[in-house]
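K.L.:
This is the structure, below, for whatever I ask next.
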Amino acid sequence: MKRALTLTAMALCLGTAATAETFRWATTTDPQTMDPHAVSSAPVLGFLNNVYEGLVRRGRDMSIEPALATDWEPIGAGDGWRFTLRQGVTFHDGSDFTAEDVLFSYQRASSEQSDVASWFSPVSEVIVVDEFTVDIMTTSPQPIFPDSIANWMMMDSGWAAANGAELPARDAENHATLNANGTAAFMLAERQPGLSTVLVPFDGWWGDVEHNITRAELTPIQNSATAVAALLSGDVDMIDPVPIQDAARLSETDGVKVVQGIEARVIMLGFAHDHEVLYGGADAGAPNPFADVRVRRAVAHAVNVDAILQTIMRGNAEPASQLVSPAMRGYSEIHAARPAVDPDAARALLAEAGYPDGFSFGLSCPNDRYLNDESVCQAVVGMLAQIGLEAQLDAMPVSNYWPELRADNFDMYLLGWSPGTFDAEHPIRFLVHTSGERLGTWNFGGYSNPRIDEMLPLIQSEIDDAARQAMLDEAAGIIQEDMVYLPMYVQPLIWGTRDNIDLTQRPDNFFILRWVAVN
Amino acid sequence: MLNYIIRRVLQSVLVLLVVGLVAFAMFRFVGDPVDNMLGQERTMEDVERLREQLGLDQSFVVQYYRFLEGAVQGEFGISYRQGRQVSEIIAERIPATLELAAVSGVFALVLGIGLGVFTAIRRDGFASNAIMTLSLIGVSLPTFLIGILLIYLFSVELGWLPSFGRGEVVQIGGWSTGFLTQSGLMALILPSITLGLYQMTLIMRLVRSEMLEVLRQDYIRFARARGLKQRAINFRHALKNTLVPVITVTGLQLGSIIAFAIITETVFQWPGVGLLFINAIQFVDIPVMAAYLMLISVMFVGINLAVDLLYVAIDPRLRTEGKS
């Protein structure tokens with residue numbers, strides 16, 4: 001055994017010596033395309049941030065910083081934004097980055113085939129002022145427009161035209177699906193979907209190089225146990241994510257370490273606000289109790305979030321009081337308190353609402369979407385039982401989950417929300433505003449409040465920070481008061497790396513290679 | 001004879017059509033692909049438009065008809081997940097699965113027959129009893145557990161073999177092979193054992209019981225009485241006569257090795273069609289699921305058809321029945 005261990009140690013040393021600056025990492029999901037405008041999902045945008053760049057980008061602390069634009073300022077009293085472009089930037093194929101490429105990237109990203117078109121819904125026109133100045137005109141004042149386009153990536157118009165990739169390929173294939181030509185620190189060297197994707201440093205990058213990687217290889221590993229084994233055996237240098245149940249064990253293992261933070265995603269319970277009758281449980285067909293705010297508050301007093309975090313999340317997550325985490329812009333400091341755990345108060349509220357003996361209903365839950373989602377729902381079922389509410393758990397894969405929610409087949413449900421703009425306005429737009437074609441598209445419960453609907457456009461166009469925050473505070477207050485959702489916790493982010501790796505973890509779960517150092 | 005063959009071929013085609021119909025009827029229970037294809041900021045218009053583009057607003061019968069229309073022209077559509085030709089993706093992935101299946105098939109056959117003969121000859125020896133007991137584990141432990149155990153032993157603890165993937169592969173024409181590089185061969189070891197273990201124990205137990213049966217026969221006794229060498233008796237006379245059922249079982253198991261590679265491929269992140277299928281289910285990638293299921297059913301139907309036709313060739317009684 002001792003000999004075997006020595007051999008292993010030797011093999012590991014040899015392995016690391018030979019590949020000193022080759023960095024290999026594994027994620028659960030393979031980025032499904034290399035097209036920066038075809039799919040708006042974290043695995044795709046996160047990966048492509050290493051290859052493509054936007055006018056602005058997010059720093060280590062998520063703040064907006066200059067990237068392909070060196071400067072930006074509002075035009076007039078909120079007519080739009082003027083961006084001054086960085087000079088001397090070249091794409092990986094050597095062609096220059098100019099204002100024409102910005103215009104082209106706008107047309108491409110706002111086209112019908114694009115999945116990121118919603119970022120440009122307030123944009124009326126993009127004007128090329130000169131080779132390095134672009135005006136983006138908006139229909140109303142857009143104070144956080146630069147924040148909202150941090151993932152809008154610039155593509156070379158000439159390259160796209162030459163390769164027939166002028167439009168994003170969502171349900172078709174084109175050159176940009178498998179190839180990339182950005183301006184960022186890394187170039188795509190090899191792309192085998194689902195197998196491996198190789199990046200190499202781009203020598204002509206405009207920025208200061210902080211990493212020491214000569215080659216980076218991404219392999220998707222779906223099975224979390226396999227991923228942990230690959231990290232332990234040194235076959236990969238970093239895995240994302242580490243299963244919660246393995247985090248403690250890994251952090252005690254020699255040669256590897258666990259990097260932890262919290263994600264931008266808030267996990268919450270949603271309610272059926274506008275249903276006439278209950279959908280599930282033994283009382284299906286009876287009038288819907290969740291239309292009554294007292295019942296929703298009773299649920300809030302019954303769910304012991306700290307206990308859930310201690311047991312199911314093993315202390316790796318933080319409780320949430322509102323729809324965004326404290327790290328987000330527009331978080332409401334004055335509404336940071338959570339409802340107290342108080343089963344007696346909950347029972348009193350139920351009695352007041354006319355349900356002294358409780359009732360039975362259906363709780364819908366995904367089982368493959370959020371960390372330990374089904375276990376969390378099971379814990380909620382147990383806690384609600386203590387106040388006489390009998391929740392019948394219906395857990396299902398996420399592909400079945402959204403259609404069920406859209407079809408109103410729920411009484412209470414679990415939802416996670418990560419605001420794409422890192423701003424408190426985002427969940428109000430999608431989760432709280434009255435459900436419609438473009439707004440409130442994830443407001444499954446059908447909550448509707450004229451004051452929220454009235455405030456949303458005002459929040460979106462308010463330039464004065466203090467006035468904007470005052471409205472966001474008011475909205476957060478209404479959402480808490482009406483218990484529109486019961487926010488539970490902010491989902492943790494757990495990565496595992498070899499001991500010799502230094503990296504930066506950002507709450508958007510983007511893995512930025514240029515911050516990696518292999519020691 | 002010709003009549004019989006035509007009838008069997010037609011039956012096979014009918015089976016394929018029914019499999020496809022059932023598959024398409026099931027797909028809508030797998031979920032809605034549109035949610036996976038669009039980001040969280042999509043509008044309801046986007047959802048409706050994409051659903052219409054993909055033809056998901058049609059009934060499953062219409063969807064199936066469209067699939068068949070494409071399939072007979074060799075067109076399996078575009079993967080929802082990868083946005084690439086399904087036929088291209090499957091062609092990329094199938095060498096990995098076939099190589100894995102071939103190696104684990106050989107492993108199962110060679111070791112299964114060898115150990116089967118051994119345990120039959122030394123039926124009460126300590127070693128053969130130990131092998132028989134261990135083989136029970138092979139039958140009863142689930143594949144993913146065996147895989148994970150092997151990974152922890154040989155990759156994490158001992159560091160001898162890679163924990164996942166195919167290693168380096170060499171492209172020969174459209175075929176990617178792991179047989180020509182050292183890392184490719186090393187990567188084959190653990191997944192092949194995992195996939196072939198069940199088949200190996202099955203063959204071993206089959207060979208053992210057949211051997212025990214044969215060894216009791218009179219001609220073996222006479223062979224012994226003639227003073228033939230023990231080895232010649234065991235291998236030339238006894239083993240040969242046990243191989244008929246073994247070959248039948250092996251043929252049938254070959255299909256299931258390929259079809260059940262799904263679990264092994266997931267555990268070892270083996271980039272074959274099984275892993276592709278699992279991905280497709282999670283994403284509700286209907287074109288990939290449909291193509292994979294058709295591929296597997298064509299394979300099974302093909303094997304069965306071949307077996308049936310072989311029976312006819314071998315057994316004259318079936319031929320006369322075909323006539324009447």
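Order determines the names: the first chain of the structure tokens is A, the second B, and so forth; residues in each chain are numbered 1 upward, and ligands are numbered 1 upward as they are shown.
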Could you give me, as a tab-separated table, a per-residue list for segment 360-453 of chain A showing, wherever an atom lies at most 10 Å from an atom of segment 283-294 of chain A, the closest pair of atoms and their distance in Å to one decimal, using only C-alpha atoms and sorting by chain then residue number from low to high?
P.N.:
```
residue	atom	partner	partner_atom	distance
A:Ser360	CA	A:Asp283	CA	5.3
A:Phe361	CA	A:Asp283	CA	6.3
A:Gly362	CA	A:Ala284	CA	8.3
A:Glu390	CA	A:Asp283	CA	9.7
A:Asp411	CA	A:Phe290	CA	7.6
A:Met412	CA	A:Phe290	CA	8.4
A:Gly445	CA	A:Ala291	CA	9.8
A:Tyr447	CA	A:Ala291	CA	9.3
```
K.L.:
Give me a file of those residues, with N, CA and C atoms, as a CSV table (one decimal), in the first residue's frame.
P.N.:
```csv
chain,number,residue,atom,x,y,z
A,360,SER,N,-55.7,20.8,2.9
A,360,SER,CA,-54.7,20.0,2.1
A,360,SER,C,-54.6,20.6,0.7
A,361,PHE,N,-53.3,20.7,0.2
A,361,PHE,CA,-53.1,21.3,-1.1
A,361,PHE,C,-51.9,20.7,-1.8
A,362,GLY,N,-51.6,21.1,-3.0
A,362,GLY,CA,-50.5,20.6,-3.8
A,362,GLY,C,-49.3,21.5,-3.8
A,390,GLU,N,-51.6,20.3,5.1
A,390,GLU,CA,-51.1,19.1,4.5
A,390,GLU,C,-50.7,19.3,3.0
A,411,ASP,N,-50.6,24.8,-6.4
A,411,ASP,CA,-51.2,25.7,-5.4
A,411,ASP,C,-50.0,26.5,-4.8
A,412,MET,N,-48.9,25.8,-4.6
A,412,MET,CA,-47.7,26.5,-4.1
A,412,MET,C,-46.6,25.8,-4.9
A,445,GLY,N,-48.2,32.7,-10.5
A,445,GLY,CA,-49.2,32.8,-9.5
A,445,GLY,C,-50.3,33.8,-9.8
A,447,TYR,N,-50.2,37.1,-9.5
A,447,TYR,CA,-50.3,38.3,-8.6
A,447,TYR,C,-50.4,39.6,-9.4
```
K.L.:
Considering only alpha helix (DSSP H) as DSSP defines it on the backbone, what residues of segment 36-270 of chain B qualify? List them as an NGL selection string.
P.N.:
:B and (36-37 or 44-53 or 60-71 or 86-121 or 126-140 or 143-150 or 182-215 or 218-225 or 230-231 or 240-259 or 261-267)
K.L.:
Go ahead and dump the residues you just picked, C-alpha atoms, as a short mmCIF file (atom, residue, chain, number, x, y, z; two decimals), in the first residue's frame.
P.N.:
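result-v4.cif, written as the output of this step:
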```cif
data_model
loop_
_atom_site.label_atom_id
_atom_site.label_comp_id
_atom_site.auth_asym_id
_atom_site.auth_seq_id
_atom_site.Cartn_x
_atom_site.Cartn_y
_atom_site.Cartn_z
CA ASN B 36 -34.82 24.96 -22.35
CA MET B 37 -34.12 26.71 -25.61
CA MET B 44 -44.58 34.80 -24.69
CA GLU B 45 -44.36 35.71 -28.38
CA ASP B 46 -40.91 34.12 -28.56
CA VAL B 47 -42.29 30.95 -26.98
CA GLU B 48 -45.18 30.73 -29.42
CA ARG B 49 -43.05 31.53 -32.43
CA LEU B 50 -40.40 28.96 -31.60
CA ARG B 51 -43.01 26.33 -30.87
CA GLU B 52 -44.53 26.96 -34.26
CA GLN B 53 -41.13 26.92 -35.99
CA PHE B 60 -47.67 13.98 -32.25
CA VAL B 61 -48.97 12.07 -35.26
CA VAL B 62 -48.13 14.99 -37.53
CA GLN B 63 -44.75 15.39 -35.84
CA TYR B 64 -44.09 11.70 -36.35
CA TYR B 65 -45.09 11.89 -39.99
CA ARG B 66 -42.69 14.78 -40.53
CA PHE B 67 -39.93 12.84 -38.80
CA LEU B 68 -40.55 9.82 -41.05
CA GLU B 69 -40.63 12.02 -44.11
CA GLY B 70 -37.17 13.30 -43.22
CA ALA B 71 -35.86 9.94 -42.02
CA VAL B 86 -28.50 15.01 -35.70
CA SER B 87 -27.00 12.59 -38.21
CA GLU B 88 -23.65 14.35 -37.85
CA ILE B 89 -23.78 14.26 -34.04
CA ILE B 90 -24.66 10.57 -33.97
CA ALA B 91 -21.94 9.72 -36.49
CA GLU B 92 -19.48 11.53 -34.19
CA ARG B 93 -20.60 9.65 -31.13
CA ILE B 94 -21.22 6.12 -32.36
CA PRO B 95 -17.57 5.00 -32.63
CA ALA B 96 -17.12 5.56 -28.89
CA THR B 97 -20.10 3.37 -28.05
CA LEU B 98 -19.23 0.62 -30.54
CA GLU B 99 -15.61 0.42 -29.39
CA LEU B 100 -16.69 0.24 -25.76
CA ALA B 101 -19.28 -2.42 -26.58
CA ALA B 102 -16.78 -4.45 -28.60
CA VAL B 103 -14.12 -4.44 -25.88
CA SER B 104 -16.55 -5.28 -23.12
CA GLY B 105 -18.09 -8.00 -25.31
CA VAL B 106 -14.69 -9.60 -25.85
CA PHE B 107 -13.90 -9.23 -22.15
CA ALA B 108 -17.17 -10.89 -21.19
CA LEU B 109 -16.75 -13.70 -23.69
CA VAL B 110 -13.11 -14.58 -23.04
CA LEU B 111 -13.22 -14.30 -19.27
CA GLY B 112 -16.72 -15.76 -19.06
CA ILE B 113 -15.83 -18.89 -21.02
CA GLY B 114 -12.45 -19.26 -19.33
CA LEU B 115 -13.82 -18.97 -15.81
CA GLY B 116 -16.86 -21.06 -16.71
CA VAL B 117 -14.68 -23.93 -17.85
CA PHE B 118 -12.42 -23.55 -14.86
CA THR B 119 -15.23 -23.61 -12.32
CA ALA B 120 -16.81 -26.59 -14.06
CA ILE B 121 -13.63 -28.68 -14.04
CA PHE B 126 -11.74 -23.34 -3.18
CA ALA B 127 -10.92 -21.02 -6.09
CA SER B 128 -13.98 -21.94 -8.10
CA ASN B 129 -16.23 -21.54 -5.11
CA ALA B 130 -14.74 -18.12 -4.51
CA ILE B 131 -15.29 -17.19 -8.16
CA MET B 132 -18.89 -18.38 -8.03
CA THR B 133 -19.54 -16.30 -4.92
CA LEU B 134 -17.89 -13.24 -6.40
CA SER B 135 -19.90 -13.65 -9.58
CA LEU B 136 -23.04 -13.20 -7.51
CA ILE B 137 -21.80 -9.73 -6.68
CA GLY B 138 -21.32 -9.04 -10.36
CA VAL B 139 -24.92 -9.96 -11.04
CA SER B 140 -26.45 -8.16 -8.11
CA THR B 143 -23.69 -0.92 -12.82
CA PHE B 144 -23.24 2.64 -11.63
CA LEU B 145 -22.05 1.44 -8.23
CA ILE B 146 -19.49 -0.88 -9.77
CA GLY B 147 -18.32 1.97 -11.98
CA ILE B 148 -17.93 4.42 -9.09
CA LEU B 149 -16.15 1.79 -6.97
CA LEU B 150 -13.69 1.06 -9.78
CA GLN B 182 -1.94 4.53 -24.83
CA SER B 183 -4.31 6.90 -23.05
CA GLY B 184 -7.14 5.69 -25.25
CA LEU B 185 -6.49 2.06 -24.29
CA MET B 186 -6.10 2.91 -20.60
CA ALA B 187 -9.39 4.80 -20.69
CA LEU B 188 -11.16 1.73 -22.11
CA ILE B 189 -10.29 -0.57 -19.22
CA LEU B 190 -12.62 0.58 -16.44
CA PRO B 191 -15.73 1.28 -18.54
CA SER B 192 -15.35 -2.05 -20.37
CA ILE B 193 -15.15 -3.99 -17.12
CA THR B 194 -18.13 -2.10 -15.74
CA LEU B 195 -20.22 -2.68 -18.83
CA GLY B 196 -19.13 -6.29 -19.41
CA LEU B 197 -19.21 -7.58 -15.84
CA TYR B 198 -22.84 -8.59 -15.88
CA GLN B 199 -22.54 -10.33 -19.26
CA MET B 200 -19.35 -12.00 -18.12
CA THR B 201 -20.96 -13.55 -15.05
CA LEU B 202 -23.93 -14.57 -17.13
CA ILE B 203 -21.76 -16.35 -19.70
CA MET B 204 -19.62 -17.87 -16.98
CA ARG B 205 -22.58 -19.39 -15.21
CA LEU B 206 -24.06 -20.60 -18.49
CA VAL B 207 -20.82 -22.22 -19.62
CA ARG B 208 -20.34 -23.81 -16.20
CA SER B 209 -23.74 -25.45 -16.08
CA GLU B 210 -23.52 -26.60 -19.71
CA MET B 211 -20.05 -27.98 -19.05
CA LEU B 212 -21.20 -29.86 -15.98
CA GLU B 213 -23.97 -31.31 -18.07
CA VAL B 214 -21.67 -32.33 -20.91
CA LEU B 215 -18.99 -33.74 -18.63
CA ASP B 218 -21.09 -41.01 -22.02
CA TYR B 219 -18.79 -39.83 -24.80
CA ILE B 220 -16.70 -37.91 -22.27
CA ARG B 221 -16.40 -41.02 -20.16
CA PHE B 222 -15.34 -43.01 -23.22
CA ALA B 223 -12.85 -40.33 -24.08
CA ARG B 224 -11.41 -40.63 -20.61
CA ALA B 225 -11.41 -44.39 -20.94
CA GLN B 230 -7.53 -34.16 -19.90
CA ARG B 231 -6.98 -30.94 -21.79
CA LYS B 240 -17.23 -27.32 -28.19
CA ASN B 241 -20.53 -28.89 -27.33
CA THR B 242 -21.41 -26.20 -24.80
CA LEU B 243 -20.87 -23.35 -27.22
CA VAL B 244 -24.16 -23.49 -29.13
CA PRO B 245 -26.30 -21.91 -26.40
CA VAL B 246 -23.43 -19.56 -25.50
CA ILE B 247 -23.34 -18.19 -29.05
CA THR B 248 -27.10 -17.67 -29.08
CA VAL B 249 -27.02 -15.78 -25.79
CA THR B 250 -24.00 -13.73 -26.81
CA GLY B 251 -25.68 -12.63 -30.01
CA LEU B 252 -28.73 -11.45 -28.13
CA GLN B 253 -26.65 -9.79 -25.43
CA LEU B 254 -24.64 -7.81 -27.98
CA GLY B 255 -27.64 -5.61 -28.61
CA SER B 256 -28.21 -5.00 -24.95
CA ILE B 257 -24.55 -4.15 -24.35
CA ILE B 258 -24.93 -1.29 -26.81
CA ALA B 259 -28.34 -0.24 -25.52
CA ALA B 261 -24.15 1.37 -22.28
CA ILE B 262 -26.14 4.44 -21.21
CA ILE B 263 -25.41 4.04 -17.51
CA THR B 264 -21.76 3.15 -17.96
CA GLU B 265 -21.30 6.06 -20.32
CA THR B 266 -22.85 8.45 -17.81
CA VAL B 267 -20.66 7.25 -14.95
#
```
K.L.:
Quick check: residues of chain A within 7 Å of chain B, only C-alpha atoms, returned as a VMD selection string.
P.N.:
chain A and resid 4 to 5 8 32 to 33 39 to 41 115 118 170 to 173 195 221 223 226 229 to 230 232 to 233 235 399 to 400 403 437 to 438 441
K.L.:
Restrict the selected residues to C-alpha atoms and save them as a short mmCIF file (atom, residue, chain, number, x, y, z; two decimals), in the first residue's frame.
P.N.:
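Resulting contents of result38.cif:
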```cif
data_model
loop_
_atom_site.label_atom_id
_atom_site.label_comp_id
_atom_site.auth_asym_id
_atom_site.auth_seq_id
_atom_site.Cartn_x
_atom_site.Cartn_y
_atom_site.Cartn_z
CA ALA A 4 1.26 2.32 -4.19
CA LEU A 5 0.93 5.66 -2.45
CA THR A 8 0.65 7.78 -6.88
CA GLN A 32 -24.47 24.26 -26.02
CA THR A 33 -23.26 26.71 -28.64
CA VAL A 39 -28.69 31.18 -26.15
CA SER A 40 -29.07 33.28 -23.04
CA SER A 41 -27.99 30.81 -20.38
CA ASP A 115 -32.23 34.92 -27.43
CA SER A 118 -34.92 41.59 -24.67
CA ARG A 170 -30.91 28.85 -32.71
CA ASP A 171 -32.68 26.04 -34.49
CA ALA A 172 -30.26 25.78 -37.36
CA GLU A 173 -26.54 25.40 -37.66
CA LEU A 195 -16.61 16.31 -25.30
CA ILE A 221 -18.86 15.77 -16.57
CA ASN A 223 -22.24 12.74 -12.97
CA THR A 226 -17.37 11.20 -11.39
CA ALA A 229 -13.28 11.57 -8.51
CA ALA A 230 -11.72 13.39 -11.47
CA LEU A 232 -9.35 13.96 -6.51
CA SER A 233 -7.33 11.97 -9.00
CA ASP A 235 -7.48 14.51 -13.97
CA SER A 399 -38.54 20.03 -18.37
CA ASN A 400 -41.96 19.02 -17.11
CA PRO A 403 -45.21 23.56 -18.60
CA GLU A 437 -46.79 39.06 -23.15
CA ARG A 438 -43.52 40.79 -22.25
CA THR A 441 -43.75 36.35 -17.94
#
```
K.L.:
Quick one: pick out all strand (DSSP E or B) residues within segment 91-255 of chain B from a backbone DSSP run and write them as a list of chain:residue names.
P.N.:
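So, restricting segment 91-255 of chain B to strand (DSSP E or B), we get B:Val170, B:Gln171, B:Ile172, B:Trp175, B:Ser176, B:Thr177.
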K.L.:
Next, write the just-selected residues to a file, as an mmCIF file, in the first residue's frame, keeping N, CA and C atoms as the atom set.
P.N.:
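Saved file part.cif follows:
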```cif
data_model
loop_
_atom_site.group_PDB
_atom_site.id
_atom_site.type_symbol
_atom_site.label_atom_id
_atom_site.label_comp_id
_atom_site.auth_asym_id
_atom_site.auth_seq_id
_atom_site.Cartn_x
_atom_site.Cartn_y
_atom_site.Cartn_z
ATOM 1 N N VAL B 170 -7.712 8.925 -32.201
ATOM 2 C CA VAL B 170 -7.133 9.171 -33.523
ATOM 3 C C VAL B 170 -8.263 9.120 -34.535
ATOM 4 N N GLN B 171 -8.314 10.082 -35.418
ATOM 5 C CA GLN B 171 -9.348 10.107 -36.447
ATOM 6 C C GLN B 171 -8.905 9.319 -37.667
ATOM 7 N N ILE B 172 -9.690 8.309 -38.031
ATOM 8 C CA ILE B 172 -9.420 7.596 -39.285
ATOM 9 C C ILE B 172 -10.666 7.746 -40.134
ATOM 10 N N TRP B 175 -14.124 7.961 -38.491
ATOM 11 C CA TRP B 175 -14.176 7.133 -37.289
ATOM 12 C C TRP B 175 -13.116 7.589 -36.297
ATOM 13 N N SER B 176 -13.506 7.840 -35.074
ATOM 14 C CA SER B 176 -12.514 8.193 -34.068
ATOM 15 C C SER B 176 -12.239 6.965 -33.228
ATOM 16 N N THR B 177 -10.963 6.575 -33.139
ATOM 17 C CA THR B 177 -10.655 5.356 -32.401
ATOM 18 C C THR B 177 -9.735 5.637 -31.226
#
```
